[in-house]
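Shown next, in structure tokens, is the structure this report addresses.
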Amino acid sequence: MANIFGYFSNDIGIDLGTANTLVYVKDKGIVLREPSVVALDTVSRKVRAVGDEAKRMLGRTPGNITAIRPMKDGVIADFDVTEAMLRYFIRKVSSGFRAPPRVVIAIPSGITEVEKRAVKESAMHAGARDVITIPEPMAAAIGVGLPIDEPAANMIVDIGGGTTEIAIISLNGIVFSKSIRVAGDELDSAIIDYMKRAYNLLIGERTAEEIKMRIGSAYPLDEELTMEVKGRDSVAGLPKTIHITSQEVREALADTIASIVDAVRVTLERCPPELSADLVDRGFVMAGGGALIRGIDKLLSDKTGLPVTVSDDPLSAVANGTGAVLNDLSWLMQNA
Ligand code: ADP
Ligand code: MG
């Protein structure tokens, strides 16, 4: 919609994820992707850093700074901090805008009405002209290009940092969705626990995440991998280096991955029969950073008997979905 000056304002779409926030600027694409992390001064509660800079501080802060993830479990742990984070991201991308942006925000589907209102207000305080929220799995389904307007089952499994969101969508509406607080973070914790148990090695969240990304898997690999891991020996108290294999990491991740598989199966069990029939051929699409775990598609396909596809750029699916929505305002008017 052109404004009174006759040009299009730079509307933006935001994927407010539990691990990462992405911002899509209309006609430009994704212009920002940063961790959903805020570093605060412990005493004054003043914001010291947001995003990449704050994430580097996680686990490495002196007593006077705390780095927190306000969306960690798919609920807003701290409204003020979430607002500060949103404001930072919105201002960062909109400094050159000639008019206040209209903002579409994708939020975890488990969020309450109160939290949703808080997100909207935060975005307004941050300078938005208008704010519309859409459920994350809906944005993900649009972002990966599923034909959600058809009268047929479109299923998406989005494994993020704090939550896994599973939804079946037909005729632009969510028929059934399930959000569990088991996703990438829980996989990291499982690795931390394993290292402690098996090697008396204490490692931090960042190291655990690195292990998961480099050699984590859900299904046996054609060629198994190894990695050197550094941490602190819990008995001797000193820094220590060990070597681990991808088989060990797979074992460490197995229970957590089984919970995700279970949630997918429960969703399928709740699916109305006509839509189940659609899924036999159409299968489902995976999005979110967790879709990048090696072999997770193969495992899910084995356990459900359905075809499973990992979307092209799973970390960008939701942001691309908000971008697509910005381009189709009529869709917004009818479905928001
Ligand atoms: P959210 O939408 O909750 O912010 P994302 O979709 O951005 O989450 O995904 C973040 C999660 O994906 C993190 O737990 C991260 O460790 C995980 N992740 C990212 N890349 C990979 C990878 N290559 N392999 C395994 N996990 C990954
Ligand atoms: Mg996400």
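By order of appearance in the structure tokens: chains A, B, ..., then residues from 1 within every chain, and ligands from 1 in the order shown.
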
Find the residues near region 311-326 of chain A: any atom within 8 Å, counting only C-alpha atoms, skip ones fewer than 5 places away on the same chain, and give them as an mmCIF file with N, CA, C and O atoms, in the first residue's frame.
```cif
data_model
loop_
_atom_site.group_PDB
_atom_site.id
_atom_site.type_symbol
_atom_site.label_atom_id
_atom_site.label_comp_id
_atom_site.auth_asym_id
_atom_site.auth_seq_id
_atom_site.Cartn_x
_atom_site.Cartn_y
_atom_site.Cartn_z
ATOM 1 N N ASP A 11 7.994 -2.253 5.132
ATOM 2 C CA ASP A 11 7.406 -3.104 6.154
ATOM 3 C C ASP A 11 8.362 -4.247 6.476
ATOM 4 O O ASP A 11 9.147 -4.663 5.627
ATOM 5 N N ILE A 12 8.286 -4.734 7.707
ATOM 6 C CA ILE A 12 9.221 -5.788 8.080
ATOM 7 C C ILE A 12 8.530 -6.999 8.702
ATOM 8 O O ILE A 12 7.468 -6.888 9.311
ATOM 9 N N GLY A 13 9.151 -8.145 8.518
ATOM 10 C CA GLY A 13 8.700 -9.379 9.139
ATOM 11 C C GLY A 13 9.748 -9.834 10.126
ATOM 12 O O GLY A 13 10.944 -9.712 9.863
ATOM 13 N N ILE A 14 9.310 -10.307 11.273
ATOM 14 C CA ILE A 14 10.269 -10.736 12.298
ATOM 15 C C ILE A 14 9.978 -12.166 12.730
ATOM 16 O O ILE A 14 8.838 -12.511 13.036
ATOM 17 N N ASP A 15 11.012 -12.974 12.729
ATOM 18 C CA ASP A 15 10.915 -14.314 13.322
ATOM 19 C C ASP A 15 11.498 -14.187 14.717
ATOM 20 O O ASP A 15 12.718 -14.153 14.889
ATOM 21 N N LEU A 22 15.241 -13.219 13.365
ATOM 22 C CA LEU A 22 15.557 -12.834 11.992
ATOM 23 C C LEU A 22 14.612 -11.715 11.581
ATOM 24 O O LEU A 22 13.444 -11.716 11.972
ATOM 25 N N VAL A 23 15.133 -10.777 10.812
ATOM 26 C CA VAL A 23 14.280 -9.704 10.325
ATOM 27 C C VAL A 23 14.314 -9.663 8.800
ATOM 28 O O VAL A 23 15.393 -9.690 8.188
ATOM 29 N N TYR A 24 13.130 -9.626 8.246
ATOM 30 C CA TYR A 24 12.956 -9.590 6.790
ATOM 31 C C TYR A 24 12.428 -8.209 6.433
ATOM 32 O O TYR A 24 11.434 -7.759 6.986
ATOM 33 N N VAL A 25 13.100 -7.514 5.550
ATOM 34 C CA VAL A 25 12.594 -6.218 5.107
ATOM 35 C C VAL A 25 11.988 -6.407 3.723
ATOM 36 O O VAL A 25 12.609 -7.002 2.834
ATOM 37 N N LYS A 26 10.766 -5.915 3.582
ATOM 38 C CA LYS A 26 10.050 -6.082 2.323
ATOM 39 C C LYS A 26 10.883 -5.591 1.144
ATOM 40 O O LYS A 26 11.516 -4.536 1.215
ATOM 41 N N GLY A 29 14.511 -8.759 1.568
ATOM 42 C CA GLY A 29 14.817 -10.099 2.071
ATOM 43 C C GLY A 29 15.328 -10.041 3.507
ATOM 44 O O GLY A 29 15.168 -9.017 4.187
ATOM 45 N N ILE A 30 15.978 -11.118 3.944
ATOM 46 C CA ILE A 30 16.440 -11.187 5.331
ATOM 47 C C ILE A 30 17.677 -10.303 5.496
ATOM 48 O O ILE A 30 18.673 -10.492 4.811
ATOM 49 N N VAL A 104 5.123 -7.631 10.870
ATOM 50 C CA VAL A 104 4.503 -8.943 11.057
ATOM 51 C C VAL A 104 5.469 -9.766 11.900
ATOM 52 O O VAL A 104 6.640 -9.906 11.542
ATOM 53 N N ILE A 105 4.996 -10.265 13.035
ATOM 54 C CA ILE A 105 5.897 -11.020 13.912
ATOM 55 C C ILE A 105 5.413 -12.461 14.070
ATOM 56 O O ILE A 105 4.270 -12.698 14.440
ATOM 57 N N ALA A 106 6.303 -13.385 13.778
ATOM 58 C CA ALA A 106 5.990 -14.794 14.007
ATOM 59 C C ALA A 106 6.426 -15.158 15.417
ATOM 60 O O ALA A 106 7.564 -14.922 15.801
ATOM 61 N N GLU A 136 4.150 -19.197 14.576
ATOM 62 C CA GLU A 136 5.389 -19.600 13.929
ATOM 63 C C GLU A 136 5.220 -20.750 12.914
ATOM 64 O O GLU A 136 5.737 -20.662 11.802
ATOM 65 N N PRO A 137 4.469 -21.820 13.267
ATOM 66 C CA PRO A 137 4.365 -22.905 12.271
ATOM 67 C C PRO A 137 3.647 -22.485 10.991
ATOM 68 O O PRO A 137 3.952 -22.989 9.907
ATOM 69 N N MET A 138 2.728 -21.523 11.121
ATOM 70 C CA MET A 138 2.040 -21.013 9.934
ATOM 71 C C MET A 138 3.055 -20.280 9.049
ATOM 72 O O MET A 138 3.117 -20.495 7.834
ATOM 73 N N ALA A 139 3.852 -19.431 9.681
ATOM 74 C CA ALA A 139 4.879 -18.704 8.916
ATOM 75 C C ALA A 139 5.875 -19.680 8.296
ATOM 76 O O ALA A 139 6.286 -19.515 7.142
ATOM 77 N N ALA A 140 6.233 -20.717 9.044
ATOM 78 C CA ALA A 140 7.198 -21.698 8.524
ATOM 79 C C ALA A 140 6.616 -22.401 7.300
ATOM 80 O O ALA A 140 7.297 -22.569 6.285
ATOM 81 N N ALA A 141 5.345 -22.794 7.384
ATOM 82 C CA ALA A 141 4.709 -23.501 6.268
ATOM 83 C C ALA A 141 4.673 -22.613 5.027
ATOM 84 O O ALA A 141 4.975 -23.063 3.911
ATOM 85 N N ILE A 142 4.360 -21.338 5.228
ATOM 86 C CA ILE A 142 4.347 -20.401 4.094
ATOM 87 C C ILE A 142 5.771 -20.239 3.559
ATOM 88 O O ILE A 142 6.014 -20.271 2.354
ATOM 89 N N GLY A 143 6.708 -20.108 4.494
ATOM 90 C CA GLY A 143 8.103 -19.873 4.117
ATOM 91 C C GLY A 143 8.731 -20.998 3.307
ATOM 92 O O GLY A 143 9.577 -20.755 2.449
ATOM 93 N N VAL A 144 8.316 -22.234 3.586
ATOM 94 C CA VAL A 144 8.888 -23.345 2.824
ATOM 95 C C VAL A 144 8.104 -23.606 1.539
ATOM 96 O O VAL A 144 8.418 -24.507 0.778
ATOM 97 N N VAL A 285 7.219 -31.422 5.925
ATOM 98 C CA VAL A 285 8.442 -30.662 5.682
ATOM 99 C C VAL A 285 9.034 -30.242 7.023
ATOM 100 O O VAL A 285 8.306 -29.876 7.947
ATOM 101 N N MET A 286 10.349 -30.309 7.129
ATOM 102 C CA MET A 286 11.009 -29.896 8.362
ATOM 103 C C MET A 286 11.668 -28.530 8.199
ATOM 104 O O MET A 286 12.241 -28.219 7.157
ATOM 105 N N ALA A 287 11.579 -27.739 9.269
ATOM 106 C CA ALA A 287 12.204 -26.422 9.281
ATOM 107 C C ALA A 287 12.863 -26.212 10.643
ATOM 108 O O ALA A 287 12.791 -27.082 11.510
ATOM 109 N N GLY A 288 13.488 -25.047 10.841
ATOM 110 C CA GLY A 288 14.169 -24.753 12.100
ATOM 111 C C GLY A 288 15.562 -25.357 12.105
ATOM 112 O O GLY A 288 15.847 -26.301 11.358
ATOM 113 N N GLY A 289 16.435 -24.809 12.945
ATOM 114 C CA GLY A 289 17.816 -25.274 12.998
ATOM 115 C C GLY A 289 17.943 -26.760 13.307
ATOM 116 O O GLY A 289 18.865 -27.435 12.838
ATOM 117 N N ALA A 291 16.307 -29.129 12.184
ATOM 118 C CA ALA A 291 16.151 -29.956 10.984
ATOM 119 C C ALA A 291 17.505 -30.289 10.372
ATOM 120 O O ALA A 291 17.606 -31.171 9.522
ATOM 121 N N LEU A 292 18.557 -29.565 10.817
ATOM 122 C CA LEU A 292 19.900 -29.789 10.269
ATOM 123 C C LEU A 292 20.658 -30.911 10.973
ATOM 124 O O LEU A 292 21.775 -31.248 10.582
ATOM 125 N N TRP A 331 -4.008 -11.506 2.263
ATOM 126 C CA TRP A 331 -3.942 -12.706 3.087
ATOM 127 C C TRP A 331 -3.979 -12.321 4.559
ATOM 128 O O TRP A 331 -4.691 -12.887 5.361
ATOM 129 N N LEU A 332 -3.188 -11.286 4.866
ATOM 130 C CA LEU A 332 -3.123 -10.811 6.230
ATOM 131 C C LEU A 332 -4.462 -10.382 6.761
ATOM 132 O O LEU A 332 -4.867 -10.714 7.878
#
```

*If you count only C-alpha atoms, which residues fall within 6 Å of region 188-204 of chain A, apart from same-chain ones fewer than 2 positions away, as a count of residues only?*
11

*A:Leu40, A:Gly161, A:Pro147, A:Val249: which is nearest Asn20 (chain A), counting only C-alpha atoms?*
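That would be A:Gly161, the residue with the smallest distance to Asn20 (chain A).
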
*Based on DSSP run over this structure's backbone, return all residues of region 17-77 of chain A in helix (DSSP H, G or I), as a list in words.*
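Everything in region 17-77 of chain A that counts as helix (DSSP H, G or I) is Asp52, Glu53, Ala54, Lys55, Arg56 and Met57 of chain A.
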
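Closest approach to Met227 (chain A) from the set A:Lys116, A:Lys178, A:Arg294, A:Lys212 is made by A:Lys212, with distances taken over only C-alpha atoms.
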
_Using DSSP assignments from the backbone, pull out every residue in region 13-66 of chain A that falls under strand (DSSP E or B) and give it to me as a list of chain:residue names._
A:Gly13, A:Ile14, A:Asp15, A:Leu16, A:Asn20, A:Thr21, A:Leu22, A:Val23, A:Tyr24, A:Val25, A:Gly29, A:Ile30, A:Val31, A:Leu32, A:Arg33, A:Glu34, A:Pro35, A:Val38, A:Ala39, A:Leu40, A:Asp41, A:Val47, A:Arg48, A:Ala49, A:Val50, A:Ile65, A:Thr66

Restricted to N, CA, C and O atoms, what would the selected residues look like written as a compact mmCIF listing (two decimals), in the first residue's frame?
```
# COMPACT_ATOMS: atom_id res chain seq x y z
N GLY A 13 9.15 -8.14 8.52
CA GLY A 13 8.70 -9.38 9.14
C GLY A 13 9.75 -9.83 10.13
O GLY A 13 10.94 -9.71 9.86
N ILE A 14 9.31 -10.31 11.27
CA ILE A 14 10.27 -10.74 12.30
C ILE A 14 9.98 -12.17 12.73
O ILE A 14 8.84 -12.51 13.04
N ASP A 15 11.01 -12.97 12.73
CA ASP A 15 10.92 -14.31 13.32
C ASP A 15 11.50 -14.19 14.72
O ASP A 15 12.72 -14.15 14.89
N LEU A 16 10.61 -14.07 15.70
CA LEU A 16 11.06 -13.92 17.08
C LEU A 16 11.26 -15.33 17.66
O LEU A 16 10.38 -15.88 18.30
N ASN A 20 17.06 -17.67 17.80
CA ASN A 20 17.51 -16.63 16.87
C ASN A 20 16.36 -15.74 16.43
O ASN A 20 15.25 -16.22 16.22
N THR A 21 16.67 -14.46 16.27
CA THR A 21 15.70 -13.53 15.71
C THR A 21 16.17 -13.13 14.32
O THR A 21 17.34 -12.81 14.12
N LEU A 22 15.24 -13.22 13.36
CA LEU A 22 15.56 -12.83 11.99
C LEU A 22 14.61 -11.72 11.58
O LEU A 22 13.44 -11.72 11.97
N VAL A 23 15.13 -10.78 10.81
CA VAL A 23 14.28 -9.70 10.33
C VAL A 23 14.31 -9.66 8.80
O VAL A 23 15.39 -9.69 8.19
N TYR A 24 13.13 -9.63 8.25
CA TYR A 24 12.96 -9.59 6.79
C TYR A 24 12.43 -8.21 6.43
O TYR A 24 11.43 -7.76 6.99
N VAL A 25 13.10 -7.51 5.55
CA VAL A 25 12.59 -6.22 5.11
C VAL A 25 11.99 -6.41 3.72
O VAL A 25 12.61 -7.00 2.83
N GLY A 29 14.51 -8.76 1.57
CA GLY A 29 14.82 -10.10 2.07
C GLY A 29 15.33 -10.04 3.51
O GLY A 29 15.17 -9.02 4.19
N ILE A 30 15.98 -11.12 3.94
CA ILE A 30 16.44 -11.19 5.33
C ILE A 30 17.68 -10.30 5.50
O ILE A 30 18.67 -10.49 4.81
N VAL A 31 17.58 -9.32 6.37
CA VAL A 31 18.69 -8.38 6.54
C VAL A 31 19.39 -8.55 7.88
O VAL A 31 20.43 -7.95 8.13
N LEU A 32 18.76 -9.31 8.78
CA LEU A 32 19.38 -9.46 10.10
C LEU A 32 19.09 -10.86 10.63
O LEU A 32 17.97 -11.35 10.50
N ARG A 33 20.12 -11.51 11.14
CA ARG A 33 19.89 -12.75 11.91
C ARG A 33 20.85 -12.76 13.08
O ARG A 33 22.05 -12.78 12.91
N GLU A 34 20.29 -12.69 14.26
CA GLU A 34 21.12 -12.64 15.45
C GLU A 34 20.49 -13.48 16.55
O GLU A 34 19.28 -13.69 16.56
N PRO A 35 21.32 -13.97 17.47
CA PRO A 35 20.77 -14.75 18.58
C PRO A 35 19.81 -13.93 19.44
O PRO A 35 20.01 -12.72 19.61
N VAL A 38 20.16 -11.28 25.35
CA VAL A 38 20.38 -9.93 25.86
C VAL A 38 21.32 -10.01 27.06
O VAL A 38 21.13 -10.85 27.94
N ALA A 39 22.32 -9.15 27.08
CA ALA A 39 23.22 -9.08 28.24
C ALA A 39 22.83 -7.87 29.07
O ALA A 39 22.69 -6.76 28.57
N LEU A 40 22.63 -8.12 30.36
CA LEU A 40 22.17 -7.06 31.26
C LEU A 40 23.17 -6.81 32.37
O LEU A 40 23.85 -7.75 32.82
N ASP A 41 23.19 -5.58 32.84
CA ASP A 41 23.94 -5.27 34.04
C ASP A 41 23.16 -5.83 35.22
O ASP A 41 21.98 -5.55 35.38
N VAL A 47 20.61 -2.67 29.70
CA VAL A 47 21.03 -3.55 28.62
C VAL A 47 22.46 -3.21 28.20
O VAL A 47 22.77 -2.07 27.87
N ARG A 48 23.34 -4.21 28.24
CA ARG A 48 24.73 -3.99 27.85
C ARG A 48 24.98 -4.39 26.41
O ARG A 48 25.79 -3.80 25.71
N ALA A 49 24.28 -5.44 25.96
CA ALA A 49 24.47 -5.91 24.58
C ALA A 49 23.29 -6.76 24.18
O ALA A 49 22.59 -7.32 25.02
N VAL A 50 23.06 -6.84 22.86
CA VAL A 50 21.96 -7.64 22.33
C VAL A 50 22.49 -8.45 21.15
O VAL A 50 23.41 -8.00 20.45
N ILE A 65 27.48 -8.87 35.03
CA ILE A 65 26.69 -8.95 33.80
C ILE A 65 26.02 -10.31 33.70
O ILE A 65 26.64 -11.34 33.99
N THR A 66 24.75 -10.34 33.31
CA THR A 66 24.11 -11.63 33.02
C THR A 66 23.61 -11.61 31.59
O THR A 66 23.05 -10.62 31.13
```

*Quick one: of A:Glu83, A:Arg45, A:Pro239, A:Ser109, who's nearest to Ser122 (chain A), counting only C-alpha atoms?*
A:Glu83

*Expressed in Å to a single decimal, how great is the separation between CA of Gly162 (chain A) and CA of Leu268 (chain A)?*
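Interatomic distance here is 21.8 Å.
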
*Which polymer residues have any atom within 9 Å of an atom of Gly290 (chain A), counting only C-alpha atoms, with same-chain residues fewer than 6 positions away left out, as a PyMOL selection string?*
chain A and resi 158-161+164+183-184+296+314-315

*Quick one: of A:Leu187, A:Ile76, A:Val43, A:Ile169, who's nearest to Ala254 (chain A), counting only C-alpha atoms?*
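Checking each of A:Leu187, A:Ile76, A:Val43, A:Ile169 against Ala254 (chain A), counting only C-alpha atoms, the winner is A:Leu187.
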
*CA of Arg56 (chain A) to atom 3 (O, counted along the ligand's line) of ligand 1, straight-line distance in Å*: 17.8 Å

*Å distance separating CA of Thr256 (chain A) from CA of Gly295 (chain A), one decimal place*: 14.5 Å

*asked:* Show me, as a list in words, the residues that have an atom within 9 Å of Gly127 (chain A) when counting only C-alpha atoms, minus same-chain residues fewer than 2 positions from it.
replied: Arg87, Ile90, Arg91, Ser94, Pro100, Pro101, Ser122, Ala123, Met124, His125 and Arg129 of chain A

Output file for the residues above (C-alpha atoms, as a PDB file, in the first residue's frame):
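Saved result, part-v5.pdb, follows:
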```pdb
ATOM      1  CA  ARG A  87      13.444  -2.502  19.984  1.00  0.00           C
ATOM      2  CA  ILE A  90      13.662  -3.081  14.831  1.00  0.00           C
ATOM      3  CA  ARG A  91      15.727   0.090  15.209  1.00  0.00           C
ATOM      4  CA  SER A  94      14.679   0.661  10.242  1.00  0.00           C
ATOM      5  CA  PRO A 100       7.326   3.806  10.545  1.00  0.00           C
ATOM      6  CA  PRO A 101       7.158   0.168   9.413  1.00  0.00           C
ATOM      7  CA  SER A 122       6.785  -3.844  22.542  1.00  0.00           C
ATOM      8  CA  ALA A 123       6.948  -3.568  18.769  1.00  0.00           C
ATOM      9  CA  MET A 124       4.751  -0.458  18.869  1.00  0.00           C
ATOM     10  CA  HIS A 125       7.052   1.114  21.470  1.00  0.00           C
ATOM     11  CA  ARG A 129       3.057   1.647  12.900  1.00  0.00           C
TER      12      ARG A 129
END
```

_Counting only C-alpha atoms and all ligand atoms, the option among A:Ser36, A:Gln247, A:Asn10, A:Asn172 closest to ligand 2_ =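 For ligand 2, the nearest of the candidates is A:Ser36.
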
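The nearest approach to Glu113 (chain A) among the residues A:Ser95, A:Thr267, A:Thr133, A:Asn327, with only C-alpha atoms taken into account, belongs to A:Thr133.
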
_If we count only C-alpha atoms and set the cut-off at 8 Å, which residues sit around Ile242 (chain A), ignoring sequence neighbours fewer than 6 positions away in its own chain? Please answer as JSON, numbers by chain._
{"A": [228, 229, 230]}
